[in-house]
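S.K.: What follows is a structure written as structure tokens; I'll ask about it next.
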Amino acid sequence: MKEQFRETFKEEAYELLTELESSLLELEETPDDMDIIGRVFRAMHTIKGSGAMFGFDDIASFTHEVETVFDMVRNGLITVSPELIRHTLAARDRIKALLDAADGGEADPSEGERIVAALRRLLPTKTEEASQPAAVARPSGPETSIAKKVTYRIRFKPATGIFLNGTNPLALLNELRGLGDCRVVAQICDLPPLAEMESELCYVYWDIILTTSGGVDAIRDVFIFVEDDCELRIEIIDDGGRLDNEADYKKLGDILVERGDLSPEEMKRVLSEQKRFGELLVEKGVVGADKIQSALMEQQHVREIRQDRQSQDTVASIRVPADKLDILVNLVGEMVTVQARLSQIAAINMEADLLSVAEEVERLTSELRDNALGIRMLPIGTTFSKFKRLVHDLSRELGKEIEMTTDGAETELDKNILEKLNDPLVHLIRNCIDHGIEMPEARMAAGKPGKGTVHLAAVHSGDSVLISITDNGAGLDREAIRAKGVEKGLISAGAELSDREIFAQIFAPGFSTAKKVTSVSGRGVGMDVVKRAIDALRGTIDLSSQVGKGTTVTIKIPLTLAIIESLLVKIGDDCFVMPLSLVNECVELTREDVEKSHGRNIANVRGGLVPYIPLRERFKIAGEPPPIEQIVITRINNKQVGFVVDHVIGEHQTVIKSLGRAYRNTRGLSGATILGNGSVALILDIPQLVDAAEKDELYQC
Amino acid sequence: MGKMIMTADDSASVRQMVGFTLKGAGYEVVEAIDGKDALMKLGKQKVDMLITDLNMPNLDGIGLIKGARSLPACKFIPIVMLTTESQDSKKQEGKTAGATGWIVKPFKPEQLLAVVKKVLG
């Protein structure tokens, strides 16, 4: 097809050259005729432009020189002289020779140079440099793309008259969408009332967040026709670089300040009211709702792409949505249940073939379970690195010098648990920084280095993970806590309590010894919230402290929430499940033992006294207990508490099912599971049961 | 039915190339040999877009753009100018007259189509 265009061009060019020749001869007669000058210029211009398009580059670049001269004639910069006509005629012959040469003839290159030199001599001196071959083909094809995906914040505010030059802004936005992952929020704050609105004007502008590997030039290209008459701001908000396990993004206020939609002073003023920041800003009319929406969109977009990237960074293989994993784990849970039934049926039937298949299935299911749960595991380091920033920011805010060290960042925990652990850990670290570590001067005075440390450590321990937060600050004030405990009625004034028992008061609701609330360690939200969060994860929290040396908070968390090893027990006809991680041992409880304790529910275990909770009584299960009952002794917060049951059936792999909505708040039960025979067993919430029993005791006193 | 695009150019080879490229991409094309011819045809026929050369006899590109914009049917259509000018002044003059965008000659068929797609949406 290109050949056909070339032929058409040549025909056209020969015609134009003939016309050019006669025009030049006419011009010699009437040198001031602007019409003829225009004709000459247009002929040159068309030969140049079309020549370049159809591959006649030598003709195009040569003609450009002649055209430049005639452009100046047209603009009155040089006058028509016989010399000019002579050289231009020679140029015309030269172009014809070049056209002929395209058919296989030859053209002498030196002649072209001679003509160009002669024409240039006619130009005013300063423009000589400006004339340069323009018809050289521009580089074409896609530019080398940068593989890295960069996120841009774009504000495109077209001139109100943009429609009048035929621009459709929506087409531009669609073009942007074609470049990558793109979100657009229209800003309508400039819309006038309907009566004042002119239908031909554009009052809307757009905030766009775009993630693309195309580079900023590709974005500018989209707006190439409008950039002169629009406000276009393109800023990089995420450079696509490696994230140090930090997938979070700026806060709403920071985004608005950065965009210039809000001043830092206004932000501080509104922030001091502690409501949802965006709502406050809109309520107070400081920033429009559409601006908030736009900033929130940016926040969400960058968080999403960072999370995506983080999962790519941390796991160098494939990415799977977390909910797919949850489905897999659920299915494995069902499988474990079915396998238990199979094993039970095989055990009853005692058929050799069935038994061997059941054993094989058991082995495979157990492997499958471990693998499926393993997929959801994430190193705790992902959470740790977030805290480095927290420590850095807070210590600066409070004027303290604090260094954070970590240990065991590679320790893995179930993703769901890790997420839920974040807030309690933040709270604990804030406490460490605010209350634990002293000001540098106070530290020096106490003979300690001015710089305090907060040490975060994680380590595996059986089917749990121990996470400890240690600071080398002032330590807990035992007497202040004791006094407060007495004042709140949590402990009696004369009670002899160990340090541990006194420190445990901190976790009671509403307990706080801080004399003032600071912005750092929250607004009266106490450690009880932390404890509740840890309880919800079936974990335990423990605290030890030495005055002047520091405090250590240790959290023990189960590895996973989906399937646990547990102890199956029976009371009457009902089965119950207790998490094995909390169980220390099982001992018998005879009628004699019960009588000896005179109704105080305390057993003598190898010389030590262990309080117990008779579950039959607690759950009001009808019927008589067997002559010999069992006490399952558990350990919580370093305290031993027994639970009296009829029988201990044995270890059980428990697939945790949550209770229905109606039972969700039932205290003492954390869920249910389905047993091999299809019946349901309730899972006991040991810490809650202990808590409730302790309260009952208090009330009885 | 494809969108109707007018190409106004005094160079037959350019008109041919533009027409061929656009028809190949599913557009309908009406040709005009200069600004006057184009303006006359615009008065009779509705088009969705205009591609015009700047240097044309009788009525040049700038004149055509101004004339077209004064026609109610062409008030908001995209108008793209073909220019060999490397200087911004000509582009600016065209924009002031009401052009939507420009294509710098020489261009390849795919560059032409990219611009058409860009302004037609």
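Just so we're on the same page: first chain in the structure tokens is A, next is B, and so on; residues restart at 1 for each chain, and ligands are numbered from 1 in the order they show up.
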Considering only C-alpha atoms, return as JSON, numbers by chain whatever protein or nucleic-acid residues lie within 9 Å of region 119-121 of chain B, sequence-local ones (same chain, fewer than 5 positions apart) excluded.
M.R.: {"A": [166, 167, 168, 169, 170, 171, 172, 174, 175], "B": [48, 49, 77, 78, 79, 80, 100, 101, 114]}
S.K.: Could those residues be written to a file, using N, CA and C atoms, as a PDB file, in the first residue's frame?
M.R.:
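Dumped everything to out.pdb:
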```pdb
ATOM      1  N   GLY A 166     -13.417  21.444  21.365  1.00  0.00           N
ATOM      2  CA  GLY A 166     -13.687  20.069  20.952  1.00  0.00           C
ATOM      3  C   GLY A 166     -13.066  19.004  21.818  1.00  0.00           C
ATOM      4  N   THR A 167     -12.588  19.388  22.993  1.00  0.00           N
ATOM      5  CA  THR A 167     -11.986  18.379  23.860  1.00  0.00           C
ATOM      6  C   THR A 167     -13.062  17.740  24.737  1.00  0.00           C
ATOM      7  N   ASN A 168     -13.020  16.439  24.804  1.00  0.00           N
ATOM      8  CA  ASN A 168     -13.917  15.717  25.690  1.00  0.00           C
ATOM      9  C   ASN A 168     -13.092  15.198  26.866  1.00  0.00           C
ATOM     10  N   PRO A 169     -13.213  15.803  28.043  1.00  0.00           N
ATOM     11  CA  PRO A 169     -12.358  15.397  29.171  1.00  0.00           C
ATOM     12  C   PRO A 169     -12.534  13.924  29.527  1.00  0.00           C
ATOM     13  N   LEU A 170     -13.740  13.401  29.301  1.00  0.00           N
ATOM     14  CA  LEU A 170     -13.964  11.993  29.640  1.00  0.00           C
ATOM     15  C   LEU A 170     -13.101  11.077  28.772  1.00  0.00           C
ATOM     16  N   ALA A 171     -12.870  11.524  27.520  1.00  0.00           N
ATOM     17  CA  ALA A 171     -12.005  10.717  26.646  1.00  0.00           C
ATOM     18  C   ALA A 171     -10.594  10.678  27.226  1.00  0.00           C
ATOM     19  N   LEU A 172     -10.161  11.808  27.790  1.00  0.00           N
ATOM     20  CA  LEU A 172      -8.823  11.851  28.387  1.00  0.00           C
ATOM     21  C   LEU A 172      -8.754  10.944  29.608  1.00  0.00           C
ATOM     22  N   ASN A 174     -10.568   8.344  30.133  1.00  0.00           N
ATOM     23  CA  ASN A 174     -10.561   6.960  29.656  1.00  0.00           C
ATOM     24  C   ASN A 174      -9.185   6.558  29.154  1.00  0.00           C
ATOM     25  N   GLU A 175      -8.516   7.520  28.523  1.00  0.00           N
ATOM     26  CA  GLU A 175      -7.173   7.222  28.037  1.00  0.00           C
ATOM     27  C   GLU A 175      -6.243   6.927  29.221  1.00  0.00           C
TER      28      GLU A 175
ATOM     29  N   ASP B  48     -18.160  14.083  12.521  1.00  0.00           N
ATOM     30  CA  ASP B  48     -17.844  13.910  13.949  1.00  0.00           C
ATOM     31  C   ASP B  48     -16.473  14.459  14.299  1.00  0.00           C
ATOM     32  N   MET B  49     -15.648  14.669  13.241  1.00  0.00           N
ATOM     33  CA  MET B  49     -14.299  15.152  13.514  1.00  0.00           C
ATOM     34  C   MET B  49     -13.730  15.744  12.231  1.00  0.00           C
ATOM     35  N   ILE B  77     -17.088  19.648  18.016  1.00  0.00           N
ATOM     36  CA  ILE B  77     -16.418  18.450  17.470  1.00  0.00           C
ATOM     37  C   ILE B  77     -14.895  18.605  17.593  1.00  0.00           C
ATOM     38  N   PRO B  78     -14.173  17.506  17.700  1.00  0.00           N
ATOM     39  CA  PRO B  78     -12.716  17.624  17.739  1.00  0.00           C
ATOM     40  C   PRO B  78     -12.167  18.051  16.375  1.00  0.00           C
ATOM     41  N   ILE B  79     -11.250  19.003  16.421  1.00  0.00           N
ATOM     42  CA  ILE B  79     -10.572  19.418  15.185  1.00  0.00           C
ATOM     43  C   ILE B  79      -9.067  19.260  15.407  1.00  0.00           C
ATOM     44  N   VAL B  80      -8.456  18.461  14.521  1.00  0.00           N
ATOM     45  CA  VAL B  80      -7.024  18.219  14.668  1.00  0.00           C
ATOM     46  C   VAL B  80      -6.313  18.813  13.461  1.00  0.00           C
ATOM     47  N   THR B 100      -8.500  21.282  18.575  1.00  0.00           N
ATOM     48  CA  THR B 100      -8.422  20.414  19.751  1.00  0.00           C
ATOM     49  C   THR B 100      -6.990  19.930  19.965  1.00  0.00           C
ATOM     50  N   GLY B 101      -6.345  19.559  18.852  1.00  0.00           N
ATOM     51  CA  GLY B 101      -4.987  19.032  18.972  1.00  0.00           C
ATOM     52  C   GLY B 101      -4.287  19.096  17.637  1.00  0.00           C
ATOM     53  N   ALA B 114      -4.008   6.906  16.727  1.00  0.00           N
ATOM     54  CA  ALA B 114      -3.929   7.139  18.176  1.00  0.00           C
ATOM     55  C   ALA B 114      -4.537   8.501  18.514  1.00  0.00           C
TER      56      ALA B 114
END
```
S.K.: Excluding same-chain residues fewer than 5 positions from Pro57 (chain B), what lies within 9 Å of it counting only C-alpha atoms, as a list in words?
M.R.: Gly38, Arg39 and Arg42 of chain A; Asp10, Ile33, Asp34, Gly35 and Lys36 of chain B
S.K.: For chain B, report every residue with an atom at most 9 Å from chain A (counting only C-alpha atoms), formatted as number ranges by chain.
M.R.: B: 10-14, 16-17, 49, 55-57, 69, 74-79, 83-86, 95-102, 105-108, 111, 117-121
S.K.: Include C-alpha atoms and write out the residues we just selected as an mmCIF file, in the first residue's frame.
M.R.:
```
data_model
loop_
_atom_site.group_PDB
_atom_site.id
_atom_site.type_symbol
_atom_site.label_atom_id
_atom_site.label_comp_id
_atom_site.auth_asym_id
_atom_site.auth_seq_id
_atom_site.Cartn_x
_atom_site.Cartn_y
_atom_site.Cartn_z
ATOM 1 C CA ASP B 10 -4.452 20.205 -0.600
ATOM 2 C CA SER B 11 -2.040 17.310 -0.943
ATOM 3 C CA ALA B 12 -3.762 14.391 -2.643
ATOM 4 C CA SER B 13 -1.234 11.927 -1.298
ATOM 5 C CA VAL B 14 -1.868 13.008 2.280
ATOM 6 C CA GLN B 16 -5.272 9.434 0.298
ATOM 7 C CA MET B 17 -3.101 8.185 3.132
ATOM 8 C CA MET B 49 -14.299 15.152 13.514
ATOM 9 C CA ASN B 55 -1.245 25.519 4.679
ATOM 10 C CA MET B 56 -3.889 25.329 2.007
ATOM 11 C CA PRO B 57 -4.863 27.615 -0.878
ATOM 12 C CA ARG B 69 -16.318 26.634 15.041
ATOM 13 C CA CYS B 74 -19.152 21.909 14.531
ATOM 14 C CA LYS B 75 -18.986 23.869 17.766
ATOM 15 C CA PHE B 76 -17.872 20.952 19.931
ATOM 16 C CA ILE B 77 -16.418 18.450 17.470
ATOM 17 C CA PRO B 78 -12.716 17.624 17.739
ATOM 18 C CA ILE B 79 -10.572 19.418 15.185
ATOM 19 C CA THR B 83 1.406 20.631 10.920
ATOM 20 C CA THR B 84 5.019 20.424 9.919
ATOM 21 C CA GLU B 85 5.855 23.357 12.071
ATOM 22 C CA SER B 86 8.189 22.611 14.846
ATOM 23 C CA LYS B 95 -5.467 26.312 19.440
ATOM 24 C CA THR B 96 -6.623 29.881 19.827
ATOM 25 C CA ALA B 97 -8.701 29.460 16.693
ATOM 26 C CA GLY B 98 -10.350 26.431 18.333
ATOM 27 C CA ALA B 99 -8.301 23.369 17.380
ATOM 28 C CA THR B 100 -8.422 20.414 19.751
ATOM 29 C CA GLY B 101 -4.987 19.032 18.972
ATOM 30 C CA TRP B 102 -2.374 18.502 16.314
ATOM 31 C CA LYS B 105 4.047 15.630 9.892
ATOM 32 C CA PRO B 106 5.495 13.224 9.030
ATOM 33 C CA PHE B 107 3.319 10.767 10.903
ATOM 34 C CA LYS B 108 2.637 7.093 10.638
ATOM 35 C CA GLN B 111 0.073 7.750 15.140
ATOM 36 C CA LYS B 117 -8.968 7.733 19.173
ATOM 37 C CA LYS B 118 -7.712 10.143 21.793
ATOM 38 C CA VAL B 119 -9.946 13.020 20.771
ATOM 39 C CA LEU B 120 -13.000 11.005 19.740
ATOM 40 C CA GLY B 121 -12.845 8.997 22.958
#
```
S.K.: Which distance in Å separates CA of Glu487 (chain A) and CA of Thr552 (chain A), to one decimal?
M.R.: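 Computing it gives 25.3 Å between the two atoms.
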S.K.: Could you pull out the strand (DSSP E or B) residues of region 26-240 of chain A from DSSP and send them as a PDB file with N, CA and C atoms, in the first residue's frame?
M.R.:
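Done, and the output landed in result36.pdb:
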```pdb
ATOM      1  N   VAL A 150       4.661   2.780  39.239  1.00  0.00           N
ATOM      2  CA  VAL A 150       4.699   3.974  40.074  1.00  0.00           C
ATOM      3  C   VAL A 150       3.273   4.508  40.198  1.00  0.00           C
ATOM      4  N   THR A 151       2.941   5.018  41.379  1.00  0.00           N
ATOM      5  CA  THR A 151       1.602   5.569  41.574  1.00  0.00           C
ATOM      6  C   THR A 151       1.672   7.096  41.575  1.00  0.00           C
ATOM      7  N   TYR A 152       0.805   7.694  40.795  1.00  0.00           N
ATOM      8  CA  TYR A 152       0.794   9.144  40.657  1.00  0.00           C
ATOM      9  C   TYR A 152      -0.509   9.707  41.188  1.00  0.00           C
ATOM     10  N   ARG A 153      -0.395  10.900  41.748  1.00  0.00           N
ATOM     11  CA  ARG A 153      -1.586  11.668  42.110  1.00  0.00           C
ATOM     12  C   ARG A 153      -1.703  12.765  41.056  1.00  0.00           C
ATOM     13  N   ILE A 154      -2.817  12.778  40.372  1.00  0.00           N
ATOM     14  CA  ILE A 154      -2.985  13.734  39.277  1.00  0.00           C
ATOM     15  C   ILE A 154      -4.196  14.610  39.567  1.00  0.00           C
ATOM     16  N   ARG A 155      -4.015  15.910  39.450  1.00  0.00           N
ATOM     17  CA  ARG A 155      -5.192  16.789  39.510  1.00  0.00           C
ATOM     18  C   ARG A 155      -5.312  17.461  38.150  1.00  0.00           C
ATOM     19  N   PHE A 156      -6.415  17.201  37.490  1.00  0.00           N
ATOM     20  CA  PHE A 156      -6.640  17.723  36.148  1.00  0.00           C
ATOM     21  C   PHE A 156      -7.797  18.699  36.216  1.00  0.00           C
ATOM     22  N   LYS A 157      -7.440  19.973  36.124  1.00  0.00           N
ATOM     23  CA  LYS A 157      -8.462  21.005  36.220  1.00  0.00           C
ATOM     24  C   LYS A 157      -8.474  21.768  34.907  1.00  0.00           C
ATOM     25  N   PRO A 158      -9.351  21.370  33.987  1.00  0.00           N
ATOM     26  CA  PRO A 158      -9.332  22.007  32.668  1.00  0.00           C
ATOM     27  C   PRO A 158      -9.890  23.422  32.740  1.00  0.00           C
ATOM     28  N   ASP A 181      -3.878   0.873  36.598  1.00  0.00           N
ATOM     29  CA  ASP A 181      -4.902   0.823  37.637  1.00  0.00           C
ATOM     30  C   ASP A 181      -5.247   2.269  38.021  1.00  0.00           C
ATOM     31  N   CYS A 182      -6.473   2.655  37.833  1.00  0.00           N
ATOM     32  CA  CYS A 182      -6.805   4.081  37.891  1.00  0.00           C
ATOM     33  C   CYS A 182      -8.095   4.323  38.666  1.00  0.00           C
ATOM     34  N   ARG A 183      -8.079   5.314  39.532  1.00  0.00           N
ATOM     35  CA  ARG A 183      -9.306   5.725  40.220  1.00  0.00           C
ATOM     36  C   ARG A 183      -9.517   7.216  40.012  1.00  0.00           C
ATOM     37  N   VAL A 184     -10.737   7.590  39.802  1.00  0.00           N
ATOM     38  CA  VAL A 184     -11.031   8.978  39.493  1.00  0.00           C
ATOM     39  C   VAL A 184     -12.122   9.488  40.429  1.00  0.00           C
ATOM     40  N   VAL A 185     -11.905  10.672  40.979  1.00  0.00           N
ATOM     41  CA  VAL A 185     -12.968  11.305  41.758  1.00  0.00           C
ATOM     42  C   VAL A 185     -13.225  12.688  41.161  1.00  0.00           C
ATOM     43  N   ALA A 186     -14.470  12.957  40.799  1.00  0.00           N
ATOM     44  CA  ALA A 186     -14.805  14.253  40.227  1.00  0.00           C
ATOM     45  C   ALA A 186     -14.974  15.260  41.350  1.00  0.00           C
ATOM     46  N   GLN A 187     -14.441  16.448  41.149  1.00  0.00           N
ATOM     47  CA  GLN A 187     -14.568  17.512  42.146  1.00  0.00           C
ATOM     48  C   GLN A 187     -15.604  18.502  41.638  1.00  0.00           C
ATOM     49  N   TYR A 205     -13.667  19.394  37.945  1.00  0.00           N
ATOM     50  CA  TYR A 205     -12.300  18.929  37.725  1.00  0.00           C
ATOM     51  C   TYR A 205     -12.105  17.587  38.414  1.00  0.00           C
ATOM     52  N   TRP A 206     -10.982  16.969  38.151  1.00  0.00           N
ATOM     53  CA  TRP A 206     -10.846  15.575  38.561  1.00  0.00           C
ATOM     54  C   TRP A 206      -9.554  15.307  39.336  1.00  0.00           C
ATOM     55  N   ASP A 207      -9.691  14.477  40.364  1.00  0.00           N
ATOM     56  CA  ASP A 207      -8.522  13.944  41.073  1.00  0.00           C
ATOM     57  C   ASP A 207      -8.369  12.498  40.637  1.00  0.00           C
ATOM     58  N   ILE A 208      -7.173  12.153  40.241  1.00  0.00           N
ATOM     59  CA  ILE A 208      -6.956  10.815  39.709  1.00  0.00           C
ATOM     60  C   ILE A 208      -5.774  10.182  40.429  1.00  0.00           C
ATOM     61  N   ILE A 209      -5.932   8.932  40.780  1.00  0.00           N
ATOM     62  CA  ILE A 209      -4.796   8.175  41.310  1.00  0.00           C
ATOM     63  C   ILE A 209      -4.528   7.068  40.308  1.00  0.00           C
ATOM     64  N   LEU A 210      -3.301   7.039  39.807  1.00  0.00           N
ATOM     65  CA  LEU A 210      -2.990   6.095  38.738  1.00  0.00           C
ATOM     66  C   LEU A 210      -1.719   5.321  39.073  1.00  0.00           C
ATOM     67  N   THR A 211      -1.805   4.021  38.950  1.00  0.00           N
ATOM     68  CA  THR A 211      -0.613   3.193  39.100  1.00  0.00           C
ATOM     69  C   THR A 211      -0.263   2.652  37.729  1.00  0.00           C
ATOM     70  N   THR A 212       0.924   3.044  37.259  1.00  0.00           N
ATOM     71  CA  THR A 212       1.300   2.634  35.904  1.00  0.00           C
ATOM     72  C   THR A 212       2.802   2.424  35.810  1.00  0.00           C
ATOM     73  N   CYS A 230      -4.897  24.091  30.997  1.00  0.00           N
ATOM     74  CA  CYS A 230      -5.515  23.432  32.152  1.00  0.00           C
ATOM     75  C   CYS A 230      -4.514  23.450  33.300  1.00  0.00           C
ATOM     76  N   GLU A 231      -5.039  23.241  34.492  1.00  0.00           N
ATOM     77  CA  GLU A 231      -4.145  23.098  35.638  1.00  0.00           C
ATOM     78  C   GLU A 231      -3.892  21.602  35.764  1.00  0.00           C
ATOM     79  N   LEU A 232      -2.647  21.221  35.578  1.00  0.00           N
ATOM     80  CA  LEU A 232      -2.326  19.795  35.624  1.00  0.00           C
ATOM     81  C   LEU A 232      -1.208  19.583  36.631  1.00  0.00           C
ATOM     82  N   ARG A 233      -1.520  18.795  37.643  1.00  0.00           N
ATOM     83  CA  ARG A 233      -0.507  18.536  38.661  1.00  0.00           C
ATOM     84  C   ARG A 233      -0.275  17.040  38.709  1.00  0.00           C
ATOM     85  N   ILE A 234       0.957  16.630  38.529  1.00  0.00           N
ATOM     86  CA  ILE A 234       1.257  15.199  38.578  1.00  0.00           C
ATOM     87  C   ILE A 234       2.334  14.993  39.644  1.00  0.00           C
ATOM     88  N   GLU A 235       1.999  14.217  40.655  1.00  0.00           N
ATOM     89  CA  GLU A 235       2.978  13.979  41.717  1.00  0.00           C
ATOM     90  C   GLU A 235       3.116  12.486  41.939  1.00  0.00           C
ATOM     91  N   ILE A 236       4.319  12.058  42.247  1.00  0.00           N
ATOM     92  CA  ILE A 236       4.521  10.642  42.567  1.00  0.00           C
ATOM     93  C   ILE A 236       4.181  10.448  44.036  1.00  0.00           C
ATOM     94  N   ILE A 237       3.282   9.516  44.316  1.00  0.00           N
ATOM     95  CA  ILE A 237       2.983   9.263  45.725  1.00  0.00           C
ATOM     96  C   ILE A 237       3.462   7.902  46.172  1.00  0.00           C
ATOM     97  N   ASP A 238       3.844   7.063  45.205  1.00  0.00           N
ATOM     98  CA  ASP A 238       4.440   5.779  45.579  1.00  0.00           C
ATOM     99  C   ASP A 238       5.354   5.391  44.434  1.00  0.00           C
TER     100      ASP A 238
END
```
S.K.: Which of these, B:Pro72, B:Pro109, B:Gln92, B:Val116, has the shortest distance to Met4 (chain B) once you count only C-alpha atoms?
M.R.: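 Going through B:Pro72, B:Pro109, B:Gln92, B:Val116 one by one, the smallest distance to Met4 (chain B) is for B:Val116.
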S.K.: Write out as a list of chain:residue names each polymer residue whose atoms come within 12 Å of Pro31 (chain A), counting only C-alpha atoms; drop sequence neighbours fewer than 6 positions from it.
M.R.: A:Ser23, A:Leu24, A:Leu25, A:Ile37, A:Val73, A:Arg74, A:Gly76, A:Ile78, A:Thr79, A:Val80, A:Ser81, A:Pro82, A:Glu83, A:Leu84, A:Ile85
S.K.: Which residues are near Leu119 (chain A)? Cut-off 9 Å, only C-alpha atoms, ignore same chain within fewer than 5 positions. Put them as a PDB file with C-alpha atoms, in the first residue's frame.
M.R.:
```pdb
ATOM      1  CA  GLU A  65      15.832  24.648   3.642  1.00  0.00           C
ATOM      2  CA  VAL A  66      14.124  26.331   0.717  1.00  0.00           C
ATOM      3  CA  VAL A  69      13.805  30.981   3.149  1.00  0.00           C
ATOM      4  CA  GLU A  83      19.459  35.953  -6.960  1.00  0.00           C
ATOM      5  CA  LEU A  84      16.819  34.357  -4.781  1.00  0.00           C
ATOM      6  CA  HIS A  87      18.783  29.768  -6.444  1.00  0.00           C
ATOM      7  CA  THR A  88      15.211  28.696  -5.834  1.00  0.00           C
ATOM      8  CA  ARG A 114      25.964  24.097  -2.868  1.00  0.00           C
TER       9      ARG A 114
END
```
S.K.: Give the alpha helix (DSSP H) residues of region 24-113 of chain B, as DSSP finds them on the backbone, and put them as a PyMOL selection string.
M.R.: chain B and resi 24+35-44+61-69+88-97+109-113
S.K.: Of the candidates B:Asp9, B:Gly43, B:Leu22, B:Ala73, which one gets nearest to Asn58 (chain B) if we count only C-alpha atoms?
M.R.: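 That would be B:Asp9, the residue with the smallest distance to Asn58 (chain B).
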S.K.: Region 391-395 of chain A: which residues within 12 Å, counting only C-alpha atoms, same-chain residues fewer than 2 positions away excluded, as JSON, numbers by chain?
M.R.: {"A": [384, 385, 386, 387, 388, 389, 397, 398, 399, 400, 401, 402, 403, 404, 405, 425, 426, 427, 428, 429, 430, 431, 432, 433, 434, 435, 436, 437, 438, 439, 440, 451, 452, 453, 454, 455, 456, 518, 519, 520, 521]}
S.K.: Please provide as a list in words all residues within 10 Å of Thr21 (chain B), with the sequence filter that same-chain residues fewer than 6 positions apart are discarded (counting only C-alpha atoms).
M.R.: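 What passes the distance filter is Arg15, Tyr27, Val29, Lys108, Pro109, Glu110, Leu112 and Leu113 of chain B.
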